[in-house]
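S.K.: My structure is in data.tsv, and what it holds is TSV, C-alpha atoms:
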chain	number	residue	atom	x	y	z
G	1	MET	CA	-9.32	29.48	-11.38
G	2	PHE	CA	-8.24	27.42	-8.37
G	3	ASN	CA	-7.63	24.21	-10.35
G	4	GLY	CA	-4.82	25.67	-12.43
G	5	HIS	CA	-6.79	26.15	-15.67
G	6	THR	CA	-5.29	28.73	-18.04
G	7	GLN	CA	-7.98	28.52	-20.75
G	8	VAL	CA	-11.36	30.18	-20.05
G	9	ASN	CA	-14.14	29.99	-22.64
G	10	ALA	CA	-17.27	32.07	-23.13
G	11	THR	CA	-19.45	29.63	-21.16
G	12	ASP	CA	-17.10	29.90	-18.18
G	13	LEU	CA	-17.30	33.68	-18.33
G	14	ARG	CA	-21.10	33.67	-18.52
G	15	ASN	CA	-21.30	31.37	-15.48
G	16	LEU	CA	-19.13	33.62	-13.34
G	17	LYS	CA	-20.83	35.89	-10.81
G	18	TYR	CA	-19.60	39.45	-11.17
G	19	PRO	CA	-19.59	42.20	-8.52
G	20	THR	CA	-21.57	45.38	-9.01
G	21	ILE	CA	-19.95	48.74	-9.65
G	22	ALA	CA	-20.77	49.77	-6.09
G	23	GLN	CA	-19.09	46.66	-4.69
G	24	LEU	CA	-15.97	47.23	-6.79
G	25	MET	CA	-15.74	50.83	-5.58
G	26	THR	CA	-16.12	49.66	-1.97
G	27	VAL	CA	-13.32	47.18	-2.43
G	28	GLY	CA	-11.17	49.93	-3.97
G	29	LEU	CA	-11.56	52.07	-0.85
G	30	TYR	CA	-9.77	49.38	1.17
G	31	ILE	CA	-6.71	49.54	-1.08
G	32	THR	CA	-4.47	52.24	0.33
G	33	GLU	CA	-0.71	52.72	0.11
G	34	HIS	CA	-0.25	49.25	1.59
G	35	PHE	CA	-1.46	46.56	-0.80
G	36	PRO	CA	-3.32	43.86	1.19
G	37	SER	CA	-2.12	40.27	1.45
G	38	GLN	CA	-3.94	37.44	-0.29
G	39	LYS	CA	-5.55	36.47	3.01
G	40	GLU	CA	-6.80	40.00	3.56
G	41	ILE	CA	-8.19	40.13	0.01
G	42	ASP	CA	-10.00	36.80	0.54
G	43	GLU	CA	-11.51	38.06	3.79
G	44	LEU	CA	-12.62	41.26	2.07
G	45	LEU	CA	-14.31	39.34	-0.70
G	46	GLN	CA	-16.03	37.10	1.83
G	47	GLU	CA	-17.46	40.16	3.51
G	48	LEU	CA	-18.48	42.25	0.52
G	49	LEU	CA	-19.27	40.09	-2.46
G	50	SER	CA	-22.47	38.13	-2.72
G	51	MET	CA	-20.64	35.54	-4.81
G	52	SER	CA	-18.87	34.49	-1.62
G	53	ASN	CA	-21.11	32.41	0.63
G	54	GLN	CA	-20.31	30.15	3.56
G	55	SER	CA	-21.16	26.84	1.89
G	56	GLU	CA	-18.72	23.95	1.53
G	57	ASN	CA	-18.69	24.53	-2.23
G	58	ASN	CA	-17.24	27.98	-1.87
G	59	PRO	CA	-13.88	27.85	-3.71
G	60	LEU	CA	-12.33	30.44	-1.41
G	61	ILE	CA	-13.17	28.40	1.69
G	62	ILE	CA	-11.89	25.23	0.03
G	63	LYS	CA	-8.66	26.93	-1.02
G	64	THR	CA	-8.16	28.37	2.46
G	65	ARG	CA	-8.59	24.96	4.10
G	66	ILE	CA	-6.17	23.28	1.65
G	67	ASP	CA	-3.63	26.06	2.29
G	68	GLU	CA	-3.97	25.47	6.04
G	69	ALA	CA	-3.31	21.74	5.62
G	70	LEU	CA	-0.33	22.52	3.43
G	71	GLN	CA	1.06	24.92	6.02
G	72	ILE	CA	0.75	22.19	8.64
G	73	LEU	CA	2.76	19.79	6.47
G	74	ILE	CA	5.44	22.46	6.05
G	75	GLU	CA	5.68	23.04	9.80
G	76	LEU	CA	5.83	19.29	10.40
G	77	GLY	CA	8.88	19.17	8.16
G	78	LEU	CA	7.54	16.85	5.46
G	79	PRO	CA	9.83	16.44	2.42
G	80	ARG	CA	9.44	18.95	-0.40
G	81	ALA	CA	7.95	16.29	-2.71
G	82	GLN	CA	4.99	15.94	-0.32
G	83	LEU	CA	4.26	19.67	-0.02
G	84	ASN	CA	1.46	19.70	-2.57
G	85	GLU	CA	-2.31	19.74	-2.89
G	86	ARG	CA	-2.56	15.93	-3.06
G	87	SER	CA	-0.84	15.52	0.30
G	88	ALA	CA	-2.88	18.32	1.88
G	89	LEU	CA	-6.12	16.69	0.72
G	90	THR	CA	-4.93	13.28	1.96
G	91	LEU	CA	-4.33	14.77	5.41
G	92	LEU	CA	-7.79	16.37	5.42
G	93	ALA	CA	-9.41	13.09	4.36
G	94	LEU	CA	-7.64	11.18	7.14
G	95	LEU	CA	-8.94	13.78	9.60
G	96	ASN	CA	-12.46	13.63	8.10
G	97	LEU	CA	-12.23	17.42	8.03
G	98	LYS	CA	-14.59	19.20	5.62
G	99	PRO	CA	-13.94	22.76	4.36
G	100	THR	CA	-16.08	24.47	7.02
G	101	ASP	CA	-15.29	22.15	9.95
G	102	PRO	CA	-13.25	23.64	12.82
G	103	TRP	CA	-9.85	22.02	13.30
G	104	GLU	CA	-10.82	21.07	16.84
G	105	THR	CA	-13.38	18.61	15.38
G	106	ALA	CA	-10.72	16.62	13.49
G	107	ALA	CA	-11.29	12.86	13.83
G	108	SER	CA	-9.27	9.70	13.15
G	109	PRO	CA	-11.39	7.28	11.12
G	110	LEU	CA	-9.93	4.11	9.61
G	111	MET	CA	-9.62	4.91	5.93
G	112	GLY	CA	-8.33	3.15	2.82
G	113	ILE	CA	-6.87	4.89	-0.23
G	114	THR	CA	-10.06	4.73	-2.31
G	115	PRO	CA	-12.27	6.24	0.46
G	116	MET	CA	-9.68	9.03	0.82
G	117	MET	CA	-10.00	9.85	-2.89
G	118	GLU	CA	-13.79	9.72	-2.66
G	119	PHE	CA	-13.66	12.18	0.27
G	120	MET	CA	-11.50	14.56	-1.78
G	121	ALA	CA	-13.98	14.47	-4.66
G	122	LEU	CA	-17.10	14.83	-2.51
G	123	HIS	CA	-16.00	17.63	-0.19
G	124	TYR	CA	-13.20	19.42	-2.05
G	125	GLY	CA	-14.22	18.93	-5.67
G	126	LYS	CA	-10.90	17.28	-6.52
G	127	THR	CA	-11.44	14.16	-8.60
G	128	TYR	CA	-8.44	11.93	-9.20
G	129	LYS	CA	-8.41	9.21	-11.82
G	130	PRO	CA	-8.48	5.62	-10.48
G	131	ASN	CA	-4.89	5.01	-11.62
G	132	THR	CA	-3.80	7.83	-9.29
G	133	ARG	CA	-4.47	5.52	-6.35
G	134	GLU	CA	-0.89	4.18	-6.43
G	135	THR	CA	0.46	7.74	-6.56
G	136	VAL	CA	-1.47	8.66	-3.41
G	137	ARG	CA	-0.23	5.51	-1.68
G	138	ARG	CA	3.42	5.71	-2.75
G	139	GLN	CA	3.99	9.47	-2.92
G	140	THR	CA	1.98	10.59	0.10
G	141	VAL	CA	0.77	7.82	2.41
G	142	HIS	CA	4.16	6.07	2.57
G	143	GLN	CA	5.83	9.34	3.62
G	144	PHE	CA	3.12	9.98	6.22
G	145	LEU	CA	3.93	6.53	7.64
G	146	ASP	CA	7.66	7.27	7.68
G	147	ALA	CA	6.95	10.49	9.55
G	148	ALA	CA	4.83	8.61	12.14
G	149	LEU	CA	1.96	10.92	11.20
G	150	ILE	CA	-0.29	7.92	10.51
G	151	ILE	CA	-0.34	4.21	11.34
G	152	VAL	CA	-1.38	1.27	9.16
G	153	ASN	CA	-3.98	-1.39	9.99
G	154	PRO	CA	-4.36	-0.60	13.71
G	155	ASP	CA	-7.49	-2.74	13.69
G	156	ALA	CA	-5.61	-5.80	12.36
G	157	PRO	CA	-1.78	-5.50	12.60
G	158	GLU	CA	-1.35	-8.90	10.95
G	159	ARG	CA	-3.08	-7.67	7.76
G	160	PRO	CA	-0.55	-7.23	4.91
G	161	VAL	CA	-0.16	-3.69	3.61
G	162	ASN	CA	-0.93	-4.79	0.06
G	163	SER	CA	-4.31	-6.17	1.12
G	164	PRO	CA	-7.34	-4.47	-0.48
G	165	LYS	CA	-8.67	-4.13	3.09
G	166	THR	CA	-5.68	-2.08	4.28
G	167	VAL	CA	-6.62	1.06	6.23
G	168	TYR	CA	-4.75	4.00	7.70
G	169	GLN	CA	-5.38	6.20	10.72
G	170	ILE	CA	-3.97	9.45	12.09
G	171	GLU	CA	-1.60	8.72	14.97
G	172	GLU	CA	-3.06	9.68	18.35
G	173	SER	CA	-0.44	12.29	19.27
G	174	ALA	CA	-0.65	13.85	15.81
G	175	LEU	CA	-4.43	14.07	16.11
G	176	GLU	CA	-4.20	15.92	19.42
G	177	LEU	CA	-1.69	18.32	17.86
G	178	LEU	CA	-3.78	19.06	14.76
G	179	ARG	CA	-6.85	19.85	16.85
G	180	THR	CA	-4.96	22.86	18.22
G	181	TYR	CA	-4.25	24.37	14.79
G	182	GLY	CA	-5.36	28.00	14.63
G	183	THR	CA	-5.40	28.38	18.41
G	184	ASN	CA	-2.95	29.97	20.82
G	185	GLU	CA	-1.78	26.48	21.77
G	186	TRP	CA	-0.53	25.59	18.29
G	187	LYS	CA	3.06	26.87	18.51
G	188	LYS	CA	3.62	25.28	21.90
G	189	SER	CA	1.96	22.02	20.83
G	190	ILE	CA	3.92	21.62	17.60
G	191	HIS	CA	7.19	22.36	19.38
G	192	THR	CA	6.44	19.60	21.90
G	193	TYR	CA	5.31	17.21	19.16
G	194	LEU	CA	8.40	17.71	17.00
G	195	ALA	CA	10.59	17.14	20.05
G	196	SER	CA	8.99	13.73	20.59
G	197	VAL	CA	8.30	12.56	17.02
G	198	GLU	CA	11.61	10.70	16.69
G	199	THR	CA	10.66	8.63	19.72
G	200	LEU	CA	7.31	7.90	18.07
G	201	LYS	CA	9.04	6.80	14.87
G	202	LYS	CA	11.28	4.42	16.81
G	203	ARG	CA	8.34	3.01	18.77
G	204	TYR	CA	6.29	2.19	15.68
G	205	ALA	CA	9.37	0.82	13.92
G	206	GLN	CA	9.99	-1.49	16.89
G	207	GLU	CA	6.35	-2.62	16.90
G	208	ARG	CA	6.56	-3.47	13.20
G	209	GLU	CA	9.81	-5.35	13.75
G	210	LEU	CA	8.42	-7.35	16.69
G	211	SER	CA	5.47	-8.51	14.61
G	212	ARG	CA	7.65	-9.77	11.75
G	213	ILE	CA	7.86	-13.51	11.02
G	214	PRO	CA	11.31	-15.09	11.57
G	215	ILE	CA	12.64	-17.79	9.23
G	216	VAL	CA	16.06	-19.43	9.09
G	217	ILE	CA	17.90	-19.66	5.76
G	218	GLU	CA	21.29	-21.38	5.70
G	219	GLY	CA	21.77	-20.67	9.39
G	220	GLU	CA	20.87	-16.99	9.13
G	221	VAL	CA	17.66	-15.52	10.55
G	222	LYS	CA	15.58	-13.49	8.10
G	223	THR	CA	12.21	-11.89	8.80
G	224	LEU	CA	9.05	-11.57	6.72
G	225	SER	CA	6.47	-8.84	7.13
G	226	PRO	CA	3.45	-9.98	9.17
G	227	GLY	CA	0.18	-11.32	7.84
G	228	GLY	CA	-1.16	-12.41	4.49
G	229	GLN	CA	0.68	-14.93	2.39
G	230	ASN	CA	3.81	-14.67	4.57
G	231	ILE	CA	2.14	-16.77	7.28
G	232	LEU	CA	1.67	-19.48	4.67
G	233	ILE	CA	5.19	-19.04	3.29
G	234	GLU	CA	6.59	-19.57	6.79
G	235	LYS	CA	4.65	-22.82	7.13
G	236	PHE	CA	5.77	-23.92	3.67
G	237	ILE	CA	9.45	-23.37	4.45
G	238	LYS	CA	9.27	-25.06	7.85
G	239	GLU	CA	6.88	-27.92	7.08
G	240	PHE	CA	6.65	-28.61	3.34
G	241	ALA	CA	10.36	-28.22	2.65
G	242	GLU	CA	11.38	-30.52	5.52
G	243	CYS	CA	8.90	-33.20	4.45
G	244	PHE	CA	9.02	-33.12	0.63
G	245	THR	CA	12.29	-31.41	-0.36
G	246	PRO	CA	14.70	-32.31	2.48
G	247	GLY	CA	18.17	-30.94	1.90
G	248	GLY	CA	16.84	-28.61	-0.78
G	249	LYS	CA	18.39	-25.18	-1.41
G	250	LEU	CA	16.17	-22.14	-0.95
G	251	ILE	CA	16.76	-19.82	-3.88
G	252	TYR	CA	14.03	-17.22	-3.60
G	253	ILE	CA	11.42	-16.02	-1.07
G	254	GLY	CA	9.02	-13.20	-1.84
G	255	ASP	CA	7.67	-10.84	0.80
G	256	THR	CA	4.31	-9.10	1.07
G	257	ASP	CA	5.80	-5.68	1.88
G	258	GLU	CA	9.31	-5.72	0.49
G	259	LYS	CA	8.66	-7.89	-2.60
G	260	VAL	CA	11.89	-9.85	-2.03
G	261	ALA	CA	12.93	-11.29	1.35
G	262	TYR	CA	15.71	-13.51	0.02
G	263	PHE	CA	17.19	-14.14	-3.44
G	264	ASN	CA	20.23	-16.31	-4.14
G	265	GLU	CA	20.82	-15.11	-7.69
G	266	ARG	CA	24.07	-17.03	-8.01
G	267	ALA	CA	22.34	-20.36	-7.31
G	268	LEU	CA	19.86	-19.61	-10.08
G	269	ARG	CA	22.63	-18.59	-12.49
G	270	ASP	CA	24.39	-21.87	-11.74
G	271	LEU	CA	21.26	-23.58	-13.10
G	272	GLY	CA	21.64	-21.62	-16.32
G	273	ILE	CA	19.05	-18.90	-15.85
G	274	THR	CA	19.01	-15.19	-14.98
G	275	ILE	CA	15.70	-13.66	-13.88
G	276	ASP	CA	14.65	-10.15	-12.92
G	277	SER	CA	13.36	-10.43	-9.34
G	278	HIS	CA	10.91	-7.61	-10.07
G	279	GLY	CA	9.13	-9.75	-12.64
G	280	LYS	CA	6.33	-12.23	-11.99
G	281	MET	CA	8.33	-14.48	-9.70
G	282	PRO	CA	6.68	-17.30	-7.74
G	283	ASP	CA	6.48	-16.82	-3.97
G	284	VAL	CA	9.14	-19.44	-3.20
G	285	ILE	CA	11.76	-21.28	-5.27
G	286	ILE	CA	13.55	-24.40	-3.98
G	287	HIS	CA	16.19	-26.46	-5.78
G	288	TYR	CA	15.49	-30.04	-4.68
G	289	LEU	CA	19.04	-31.37	-4.96
G	290	LYS	CA	18.24	-35.07	-4.53
G	291	ASN	CA	16.05	-35.25	-7.65
G	292	ASP	CA	17.56	-32.15	-9.30
G	293	TRP	CA	14.15	-30.47	-9.62
G	294	LEU	CA	13.31	-26.80	-9.41
G	295	VAL	CA	10.21	-26.44	-7.22
G	296	LEU	CA	8.13	-23.29	-7.81
G	297	ILE	CA	5.58	-22.44	-5.12
G	298	GLU	CA	2.68	-20.01	-5.04
G	299	ALA	CA	1.15	-19.22	-1.62
G	300	VAL	CA	-2.55	-18.45	-1.98
G	301	THR	CA	-4.23	-16.16	0.55
G	302	SER	CA	-5.63	-13.39	-1.64
G	303	HIS	CA	-4.43	-13.93	-5.22
G	304	GLY	CA	-5.09	-17.07	-7.27
G	305	PRO	CA	-3.36	-20.46	-7.63
G	306	ILE	CA	-1.19	-21.84	-10.41
G	307	ASN	CA	-3.87	-21.96	-13.07
G	308	PRO	CA	-3.19	-22.77	-16.77
G	309	LYS	CA	-2.33	-19.12	-17.51
G	310	ARG	CA	0.06	-18.83	-14.56
G	311	LYS	CA	1.58	-22.23	-15.37
G	312	LYS	CA	2.36	-21.02	-18.88
G	313	GLU	CA	3.88	-17.80	-17.52
G	314	LEU	CA	6.20	-19.77	-15.24
G	315	GLU	CA	7.20	-22.09	-18.08
G	316	VAL	CA	8.15	-19.07	-20.17
G	317	ILE	CA	10.07	-17.40	-17.33
G	318	PHE	CA	12.05	-20.60	-16.66
G	319	ALA	CA	12.27	-21.71	-20.30
G	320	ASP	CA	16.08	-21.80	-20.29
G	321	ILE	CA	16.37	-24.08	-17.27
G	322	LYS	CA	17.73	-27.56	-17.98
G	323	ILE	CA	16.12	-29.42	-15.08
G	324	PRO	CA	12.46	-30.37	-14.55
G	325	LEU	CA	10.05	-27.86	-13.02
G	326	VAL	CA	7.63	-28.89	-10.27
G	327	MET	CA	4.87	-26.37	-9.55
G	328	VAL	CA	3.06	-26.30	-6.22
G	329	THR	CA	0.12	-24.19	-5.06
G	330	SER	CA	-0.17	-23.93	-1.28
G	331	PHE	CA	-3.21	-23.12	0.86
G	332	LEU	CA	-3.71	-22.67	4.60
G	333	SER	CA	-6.76	-24.96	4.64
G	334	ARG	CA	-8.90	-27.25	2.50
G	335	LYS	CA	-11.70	-24.73	2.76
G	336	ALA	CA	-9.46	-22.11	1.15
G	337	MET	CA	-8.48	-24.61	-1.56
G	338	VAL	CA	-12.10	-25.36	-2.48
G	339	GLU	CA	-12.58	-21.75	-3.60
G	340	TYR	CA	-9.95	-22.25	-6.33
G	341	LEU	CA	-10.35	-25.95	-7.08
G	342	ALA	CA	-11.71	-25.45	-10.59
G	343	GLU	CA	-8.79	-23.16	-11.53
G	344	ILE	CA	-5.81	-25.33	-10.54
G	345	ALA	CA	-3.75	-26.40	-13.54
G	346	TRP	CA	-3.15	-30.04	-14.42
G	347	GLU	CA	0.37	-31.40	-13.90
G	348	THR	CA	0.82	-29.32	-10.76
G	349	ASP	CA	0.71	-30.15	-7.04
G	350	VAL	CA	-1.31	-28.73	-4.16
G	351	TRP	CA	-0.13	-28.58	-0.54
G	352	VAL	CA	-2.51	-27.70	2.31
G	353	ALA	CA	-0.88	-26.49	5.54
G	354	GLU	CA	-3.47	-28.08	7.83
G	355	ASP	CA	-2.58	-31.49	6.27
G	356	SER	CA	1.11	-30.81	5.96
G	357	THR	CA	2.32	-34.39	5.40
G	358	HIS	CA	0.14	-34.94	2.32
G	359	LEU	CA	0.06	-33.69	-1.25
G	360	ILE	CA	-2.67	-33.52	-3.86
G	361	HIS	CA	-1.35	-34.14	-7.36
G	362	PHE	CA	-3.25	-33.04	-10.43
G	363	ASN	CA	-2.13	-35.87	-12.76
G	364	GLY	CA	0.95	-35.71	-15.00
G	365	GLU	CA	4.42	-37.22	-15.21
G	366	TYR	CA	6.61	-35.37	-12.68
G	367	LEU	CA	5.61	-36.21	-9.14
G	368	LEU	CA	7.18	-35.61	-5.75
G	369	GLN	CA	8.99	-38.28	-3.76
G	370	ALA	CA	6.28	-40.46	-2.17
G	371	TYR	CA	4.27	-40.90	-5.37
G	372	LYS	CA	7.38	-41.56	-7.46
G	373	MET	CA	8.39	-44.37	-5.08
G	374	ASP	CA	4.96	-45.95	-5.57
G	375	ARG	CA	5.40	-45.90	-9.34
G	376	ASP	CA	8.84	-47.48	-9.06
G	377	PHE	CA	7.35	-50.21	-6.88
G	378	GLU	CA	4.58	-50.89	-9.40
G	379	THR	CA	7.12	-51.13	-12.22
G	380	LYS	CA	9.07	-53.77	-10.30
Write the structure described by the file as structure tokens, please.

M.R.:
Amino acid sequence: MFNGHTQVNATDLRNLKYPTIAQLMTVGLYITEHFPSQKEIDELLQELLSMSNQSENNPLIIKTRIDEALQILIELGLPRAQLNERSALTLLALLNLKPTDPWETAASPLMGITPMMEFMALHYGKTYKPNTRETVRRQTVHQFLDAALIIVNPDAPERPVNSPKTVYQIEESALELLRTYGTNEWKKSIHTYLASVETLKKRYAQERELSRIPIVIEGEVKTLSPGGQNILIEKFIKEFAECFTPGGKLIYIGDTDEKVAYFNERALRDLGITIDSHGKMPDVIIHYLKNDWLVLIEAVTSHGPINPKRKKELEVIFADIKIPLVMVTSFLSRKAMVEYLAEIAWETDVWVAEDSTHLIHFNGEYLLQAYKMDRDFETK
């Protein structure tokens, strides 16, 4: 009944607990000229009907708690698209608030998307399919972040938001506010909170901006989101490019949060190719002008290296290009490289940031500058 089902079969009917005639007559006595509100009806049922108990599994209690969370989101001014059961349950999960818990006991645990969904299933009987995880993240959690209602990765600000270890937490001021819900302090507290929330938004936006990684492209400063592969991308641009592709033109740089930090589409078109930046682009693309090579780089911190499958994908994506492709997998350390050593494709290069002036080449014909000079010397 509370999950939106419109079809009820005989088994459902047999499982329902029905009131007695005496109970129905007692309920009828409460209905006078003024028809009671839904809240009043729920309270009446709680009092009179044995089917209504005070356990967490009571659908009336669950519905009441979800309605309360939804009302809070309305009063906080969340967009219409977030005023739904999914968002209400997400808020309750982030507060670790079960159906019978008082609002004053709301907490602020660190919680990822999957634990949120597990909480919803365990305590509110709402089971979402695994592929709904992205919907929760994009259609609810992102908007909670924009509203400064929650913060991301307070335990490790450098952790990228697309990391499987990413966690969220109710913002401290919001937590204090929500603990007053249902009390005489609520109206005063929410008025004060809403008056200061814009300042909170600006503060967290400034903190995120200060932690971003600056890089210089053609004299202009760009920034990458903090953490993850972007730390390695910064090192690649500043150290690898200067050493192995001096004078090269940066064409593309991916970003952990924003997907694309920089994309010179015209430079790529000049090489005879048009690519959708939302496809499976490498992390960095450099046109090494001296040798007229297109260098494709993958930065490995959580996902894998250029293995045979990825190498084939890149060859297909850049099939129309008329100049040689050089593929490079980059790691922060040798220890990180060892984990993927057996996967690295032949005829590709490996660059390790902690040994930034050296390359490891996995056989093949096209090599970068130092090794090519050695071959020329041997030929002479």

S.K.: To one decimal place in Å, what is the distance between CA of Leu294 in chain G and CA of Asp255 in chain G?

M.R.: 19.8 Å

S.K.: Record the distance separating CA of Leu45 in chain G and CA of Ser87 in chain G, expressed in Å with one decimal.

M.R.: 27.4 Å

S.K.: Please indicate the distance in Å from CA of Thr301 in chain G to CA of Lys235 in chain G, rounded to one decimal place.

M.R.: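 Between these atoms lies a distance of 12.9 Å.
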
S.K.: Using all atoms listed in the file, determine which residues lie at most 12 Å from Pro79 in chain G, disregarding the query and same-chain residues fewer than 6 positions distant; provide the list as a VMD selection string.

M.R.: chain G and resid 70 73 87 139 to 140 142 to 144 146 to 147

S.K.: Which of these residues is nearest to Thr105 in chain G, using all atoms listed in the file: G:Leu92, G:Ile275, G:Val295, G:Ile74?

M.R.: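 Answer, going by the shortest atom-to-atom distance: G:Leu92.
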
S.K.: Tell me which protein, DNA and RNA residues are within 12 Å of range 115-121 of chain G, counting only C-alpha atoms, leaving out same-chain ones fewer than 6 positions away, and put them as a PyMOL selection string.

M.R.: chain G and resi 57+62+66+85-99+109+127-137+140-141+164-169

S.K.: Hey, which of G:Ala353, G:Leu13, G:Leu175, G:Ile360 ends up closest to Phe240 in chain G? Count all atoms listed in the file.

M.R.: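 Closest to Phe240 in chain G, using all atoms listed in the file: G:Ala353.
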
S.K.: Can you list, as a PDB file with C-alpha atoms, in the frame of the given file, every protein, DNA or RNA residue that comes within 9 Å of Leu194 in chain G when you count all atoms listed in the file, leaving out same-chain residues fewer than 5 positions away?

M.R.:
ATOM      1  CA  LEU G  76       5.830  19.290  10.400  1.00  0.00           C
ATOM      2  CA  GLY G  77       8.880  19.170   8.160  1.00  0.00           C
ATOM      3  CA  SER G 189       1.960  22.020  20.830  1.00  0.00           C
TER       4      SER G 189
END

S.K.: Adding 4 Å on each side of the box along x, y and z that holds all listed atoms of range 342-353 of chain G, could you give its centre and edge lengths in Å to one decimal, as lines of an AutoDock Vina configuration file?

M.R.:
center_x = -5.4
center_y = -27.3
center_z = -4.4
size_x = 20.5
size_y = 16.2
size_z = 28.0

S.K.: List as a PyMOL selection string the protein and nucleic acid residues near Ser356 in chain G, meaning an atom at most 12 Å away when all atoms listed in the file are counted, but skip any in the same chain fewer than 6 places from it.

M.R.: chain G and resi 232+235-244+330-334+350

S.K.: Would you be able to write out as number ranges by chain which residues have an atom within 7 Å of (-4.5, -22.5, -8.2) in the file's coordinates, counting all atoms listed in the file?

M.R.: G: 304-307, 329, 340-341, 343-345

S.K.: Counting only C-alpha atoms, which of G:Glu347, G:Pro324, G:Lys290, G:Gln23 gets nearest to Lys311 in chain G?

M.R.: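 Of G:Glu347, G:Pro324, G:Lys290, G:Gln23, the one nearest Lys311 in chain G is G:Glu347, counting only C-alpha atoms.
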
S.K.: Which of these residues is nearest to Glu172 in chain G, using only C-alpha atoms: G:Gly112, G:Gly254, G:Gly28, G:Pro154?

M.R.: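 The closest residue to Glu172 in chain G is G:Pro154.
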
S.K.: Can you work out which one of G:Tyr193, G:Glu104, G:Leu110, G:Pro59 has the shortest atom-to-atom distance to Asn153 in chain G, counting all atoms listed in the file?

M.R.: G:Leu110
